[in-house]
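S.K.: Let me begin by handing over the structure; questions about it come next.
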Amino acid sequence: MSPALLTVVQVVVVVTLAPLAAGVVRRCKAFLQGRRGAPVLLPYWTLLTLMRKEIVLSSSTSWVFRAAPFVVLGTSLLSATLLPLVARGGAAAPLSHLVIVAGIWMLGAVFLVFAGLDSASSFGGMGASREMTISAFLEPALIVTFAAFAVASGSATVDGMLSVAGTGLIAHPWLLPAVAALGLVALGENARYPVDNPATHLELTMVHEAMVIEYSGPYLALMELASMVKLAVFALLLANVVVPAGLMAPSSGAAALALAPVVVLVKLGVVMALLAALESSIAKLRFYGLPEYFFGSLFLGLTSLAFGLFAGWL
Amino acid sequence: MTTGDLALAALLAALLLSAAAALAGVFGRSLAARRIHHAAMIASGITGLAGAFVFLAWRLPARSLGASPLLFNAPLVVDRLSAFFLLLLHAVALMASWFGAAYTETEREHYPLRAVLPLTAVFVLSMQGVLLASGLAGFLLCWEAMSLSAFLLVMADGEQESRQAALLYLAIAQFGAGALIVGSGMLGGGSLFATFATMGSSVGMLSPGASTLALALVVFAFSSKAGLAPFHAWLPEAHPRAPSHVSALMSGAMLKVAVYGLLRFTSVCWPMMPAAWGVGLLALGLAGAAVAVIYANIAREIKRILAWSSVENIGLVFTMFGFQLLLRREGQPVIADAVMAAMFLHLLAHALFKSGLFLGAGAVMHGARTGKIELLGGLASRMPRLSAGALALCLAAAALPPFGSFVAELMLIQAALAALATHNAGLVVASVAVLIGVAFVAGLAVFAMVRLFSFTFLAEPRSAGAREATEPAPALRRPVLALAAGVLALGILSPWVSPLFPVAFDLLRPTVEAGAAFSGGQGLWLAPGLGLALGAAIGAAWLLRRALGASSRVRRYHTWDCGQPIDATMEYTATGFSAPVRFFLRDIVRAEKHLVFHAVLPSNPWIRRGEMEFRKVGGVLAGLYFPVARFIEDVGAWLKRLQNGVIQFYIALILATLLLTLWVAL
């Protein structure tokens, strides 16, 4: 299969499965908390219903508010295109450079912040301030963690870094703190526990929900889809770092191609179940307690990097 | 006439046109003279830009523009290094003059045009002179003219605060100039009429100690002019006080001229600087950038935020300069060249976006009658076109993809990864510092620029001035939009811009597939694809909405208000927005919060109006500058005892001087 086709298949698979992943994590959380929960396919209906609804635009907002959903969803789609999620060696793989990936995520966060502030409500402002803080202070941890993988794999692209995933992790055990750091960064970037509570609309705790609170109709659908796709991207990236098996490649045969969607489903299901278990078992951190979280993830990444550099000397 | 002759003629014409503009500006009372001045300034920008571009693009060898006794027998010379900085200078000068032509007319009651116009032209002319001088005397003369014209322009509005800022700037500029004159005198073998060509050989005759002293003086002179921390204290005071198009010239061009001076002197006299200098400049650059970007998140005036951002960017430039010195010393010239290329790209990107932002700040302050971001807001719907340009420039200043500054950062981090792979202990430590430091600075730079854009342009206006603002005149917004387009193009087209850099960069084309291994400058070649992919992804998001059959019915309604009307006073403020930064980094910021409450009703003490103010504790002014100033004052007071009015004592002094001179001379 040609690399370009692989990339297209990956984007389509990730975007179609992303709402399902969101449904699965909600259902698992409900189960763990002793509730029945909504059907796992509900997010699809929510998105389609929102698409048909009228848009209510705040009279305080400007063109930036109307442009933001497209940029936010665009950056989510782009990260679903570049990263090795369903396939490795796609046409866009050379662009999955660690700085580019970090830059694209930051661009999405920036437009979310613009949207939150443009609504002129204090909810939006508070969420925006917190989101900007989390994104800005997680940047060193993100870069250092990826650098640890880059040193181990000899590649600056995330696609190339997967050469040290899976059994490679056993050969480079010092990468385990970096995997943990990547997990912490993923929780922070996706506004999940312990950084944000995705299920609340209580102003004291909101981050992501506060910024999109003024959106309605199709714009809200785009924003929701963007955050679902981003969650699926991080889930698959983490899963692939630990278990890279079942990834499509330009050289893989028909059987591997048929199996790949099943593998993706299983990976998403497992990560979402783990996420639900995590979110049901720990408490959210106080916002002003977050520096420990940021520095913790930075030092986990730095530990891996330092050991990796020493390993190179020996 | 060859291409080379044409390029040189264009550069010479640019010089003469700015001289003519200075002359015309003196008669700034008459409208005709002002028009001639503006036309000459714009023409100077265009010819200079074209000449420098042709010189670089056609890879012409170094040429002299002709000698004259007026130039102290050192001809004006263009080579690739000065041509690159001439390109940068004229790009900024052209846009600043275009903007200034309309801006100075609208601000006639604020600024005495008879002084501002000729001084602006002299300022540009002296920067051209610094870049073209091939001898010490011409260089130092133009350097002083540049400092003095900038000093006068800073206090052009005649306000008390401007005068104080200008005097602080003058003091540090003269301190730097003194160091430069002494250092140059040592390098020129005691003569200030040496040329750069002879300086390289005479530095070999200095003792190692004298050579190090000369290097320290020269580095201090140029880094204090460029605003490297801790010699930056004047920059956030002085840059915001000048008229906006002059601020654009100062931040966009003058800081780069100082970097040019450093590159010129060190490349001539110390082609291989000791590694300790690389470490020192890298550490100062990173630390300065980190502190400056924190203050950019605290400042509350547009131009002050921009000035702090300039300190941050200059810090990054010095980081790159120090890093490449270290790489070169440790035998990694390929990676060092990539860092050099990243530095030139960053200098160019910073020149474009920072001058654009200063011009945009001028347009905003003209329209909304204030530069305090707490009093702005709502301008995106009132100035849609200017806000689009400002958005692009803010994203560029935040080093976000796909702008030129992002590509420079990408190349720097790529080079740091390559240096990690060398397993050289010194380089590994430096690279880890660069990785963490640059990521920290980049994160907070995004914070600062998002804050600047959002509180200026988004949500509801917070003052009458902002409420009544309208789209600025085309002549005020088009230069801003042009610079925004320029920095975007610089990012997407960076692989094709890079051959203009004065560094042997063509060797760095990727030989294996991009990203397979991280040698040198491959990051550059990812930029065009990234720009296309980002555009395509945003287009895909737009198409997705169409494909899913989204409704397009829109109803306008006010923001959700919990049943109680909300207004602009309930919005988040810029101070509140960056509160987490102040809180998390309170050990670095060290500000005292002062709260003052006044009761509104005498009967009820709980209904009250509050004022809050942050006062900086410590800082570089109190810690470094004031002790130096006090020392100089004490020495002065002590020396004043000599002036005791006793004539016999004076005669004794003259006699002593004579005897001493005789003793030294014989």
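All residue names refer to the structure tokens as shown: chains lettered A, B, ... in order, residues numbered from 1 in each chain, ligands numbered from 1 in order.
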Can you tell me, as a count of residues only, what residues are no more than 7 Å from Ala248 of chain B when counting only C-alpha atoms, ignoring any on the same chain fewer than 5 positions away?

M.R.: 5

S.K.: Could you please select, counting only C-alpha atoms, the residues of chain A within 7 Å of chain B and state them as a VMD selection string?

M.R.: chain A and resid 51 to 63 70 to 71 73 to 75 77 to 78 94 to 95 99 103 to 104 107 110 114 117 to 122 125 to 126 129 132 to 133 136 to 137 139 to 140 143 to 144 151 154 to 157 160 214 218 291 313

S.K.: Enumerate, as a PyMOL selection string, the complete set of residues in segment 341-557 of chain B that a backbone-based DSSP assignment places in alpha helix (DSSP H).

M.R.: chain B and resi 341-368+379-382+384-397+404-420+425-457+464-467+474-492+494-497+527-547

S.K.: Could you pull the residues within 10 Å of Ala9 of chain B, counting only C-alpha atoms, minus those fewer than 3 positions along the same chain, as a list in words?

M.R.: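 In the requested form, the answer reads Thr3, Gly4, Asp5, Leu6, Leu12, Ala13, Ala14, Leu15, Thr47, Gly48, Gly51 and Leu65 of chain B.
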
S.K.: I'd like the neighbourhood of Asn197 of chain A as a list of chain:residue names, where a residue qualifies if any of its atoms comes within 12 Å (using only C-alpha atoms), though same-chain residues fewer than 6 positions away should be ignored.

M.R.: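 Neighbouring residues, sequence-local ones excluded: A:Gly127, A:Leu187, A:Gly188, A:Asn190, A:Ala191, A:Glu203, A:Leu204, A:Thr205, A:Met206, A:Val207, A:His208, A:Glu209, A:Ala210, A:Ala276, A:Glu279, A:Ser280, A:Ile282, A:Ala283, A:Lys284, A:Leu285, A:Arg286, A:Phe287.
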
S.K.: Using C-alpha atoms, can you write the selected residues to a file as a PDB file, in the first residue's frame?

M.R.:
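Listed below is the output, selection_1.pdb:
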```pdb
ATOM      1  CA  GLY A 127     -10.458  28.425  31.721  1.00  0.00           C
ATOM      2  CA  LEU A 187      -3.309  13.730  30.747  1.00  0.00           C
ATOM      3  CA  GLY A 188      -2.424  17.403  31.000  1.00  0.00           C
ATOM      4  CA  ASN A 190      -6.154  16.457  27.116  1.00  0.00           C
ATOM      5  CA  ALA A 191      -7.551  18.183  30.205  1.00  0.00           C
ATOM      6  CA  GLU A 203     -16.686  26.817  37.569  1.00  0.00           C
ATOM      7  CA  LEU A 204     -14.130  26.126  40.287  1.00  0.00           C
ATOM      8  CA  THR A 205     -12.667  23.147  38.468  1.00  0.00           C
ATOM      9  CA  MET A 206     -13.257  23.810  34.789  1.00  0.00           C
ATOM     10  CA  VAL A 207     -10.496  24.222  32.249  1.00  0.00           C
ATOM     11  CA  HIS A 208     -11.470  22.877  28.856  1.00  0.00           C
ATOM     12  CA  GLU A 209     -15.241  23.058  29.333  1.00  0.00           C
ATOM     13  CA  ALA A 210     -14.995  26.680  30.466  1.00  0.00           C
ATOM     14  CA  ALA A 276     -11.533   5.471  33.350  1.00  0.00           C
ATOM     15  CA  GLU A 279     -10.096   8.923  36.828  1.00  0.00           C
ATOM     16  CA  SER A 280     -12.309   6.921  39.191  1.00  0.00           C
ATOM     17  CA  ILE A 282      -7.667   9.496  42.140  1.00  0.00           C
ATOM     18  CA  ALA A 283      -8.649  13.016  43.103  1.00  0.00           C
ATOM     19  CA  LYS A 284      -8.088  16.085  40.981  1.00  0.00           C
ATOM     20  CA  LEU A 285      -5.059  18.161  41.923  1.00  0.00           C
ATOM     21  CA  ARG A 286      -5.486  21.653  43.279  1.00  0.00           C
ATOM     22  CA  PHE A 287      -4.680  24.103  40.463  1.00  0.00           C
TER      23      PHE A 287
END
```

S.K.: Could you give me, as a list in words, the residues within 12 Å of Ser30 of chain B, counting only C-alpha atoms and dropping anything in the same chain fewer than 5 positions from it?

M.R.: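 Returned residues: Ala24, Gly25, Arg35, Ile36, His37, Glu105, Leu113 and Arg114 of chain B.
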
S.K.: List the spatial neighbours of Leu259 of chain A as an MDAnalysis selection string - criterion: any atom at most 10 Å away, only C-alpha atoms, same-chain residues fewer than 4 positions off excluded.

M.R.: chainID A and resid 246:248 254:255 263:264

S.K.: Can you tell me, as an MDAnalysis selection string, what residues are no more than 8 Å from segment 337-353 of chain B when counting only C-alpha atoms, ignoring any on the same chain fewer than 3 positions away?

M.R.: chainID B and resid 88 91:92 251:253 256 313 317 320:321 323:324 333:334 356:357 393:394 396:397 404:405 407:409 411:412 415 483:484 486:487 490 498 501 503:505 508 520:521

S.K.: Would you please work out which residue, of A:Ala311, A:Phe299, A:Gly269, A:Leu162, is nearest to Arg26 of chain A when using only C-alpha atoms?

M.R.: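 Residue with the minimum atom-to-atom distance to Arg26 of chain A: A:Gly269.
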
S.K.: Which residue gives the smallest distance to Ser134 of chain B among B:Ala101, B:Ala52, B:Ala430, B:Ala62, with only C-alpha atoms counted?

M.R.: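 The answer is B:Ala62, which sits nearest to Ser134 of chain B.
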
S.K.: Quick one: pull the distance between atom CA of Gln332 of chain B and atom CA of Ala148 of chain A, Å, one decimal.

M.R.: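 Interatomic distance, atom CA of Gln332 of chain B to atom CA of Ala148 of chain A: 21.5 Å.
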
S.K.: Using only C-alpha atoms for the distances, tell me which of B:Arg467, B:Phe53, B:Ala133, B:Pro565 is nearest to Leu86 of chain B.

M.R.: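 Among the listed residues, the smallest separation from Leu86 of chain B belongs to B:Phe53.
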
S.K.: Have a look at atom CA of Pro208 of chain B and atom CA of Cys269 of chain B and let me know their distance in Å, one decimal.

M.R.: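 Straight-line distance from atom CA of Pro208 of chain B to atom CA of Cys269 of chain B works out to 12.7 Å.
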
S.K.: Just the strand (DSSP E) stuff from segment 41-210 of chain B, please, per backbone DSSP, written as a list in words.

M.R.: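 Strand (DSSP E) assignments inside segment 41-210 of chain B correspond to Arg63, Ser64, Val77 and Val78 of chain B.
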
S.K.: In terms of the shortest atom-to-atom distance over only C-alpha atoms, which of B:Phe403, B:Asp634, B:Leu56, B:Gly138 is closest to Pro75 of chain B?

M.R.: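 The answer is B:Gly138, which sits nearest to Pro75 of chain B.
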
S.K.: How many Å lie between atom CA of Ser18 of chain B and atom CA of Met41 of chain B, rounded to one decimal?

M.R.: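 Computing the Euclidean distance for atom CA of Ser18 of chain B and atom CA of Met41 of chain B yields 5.8 Å.
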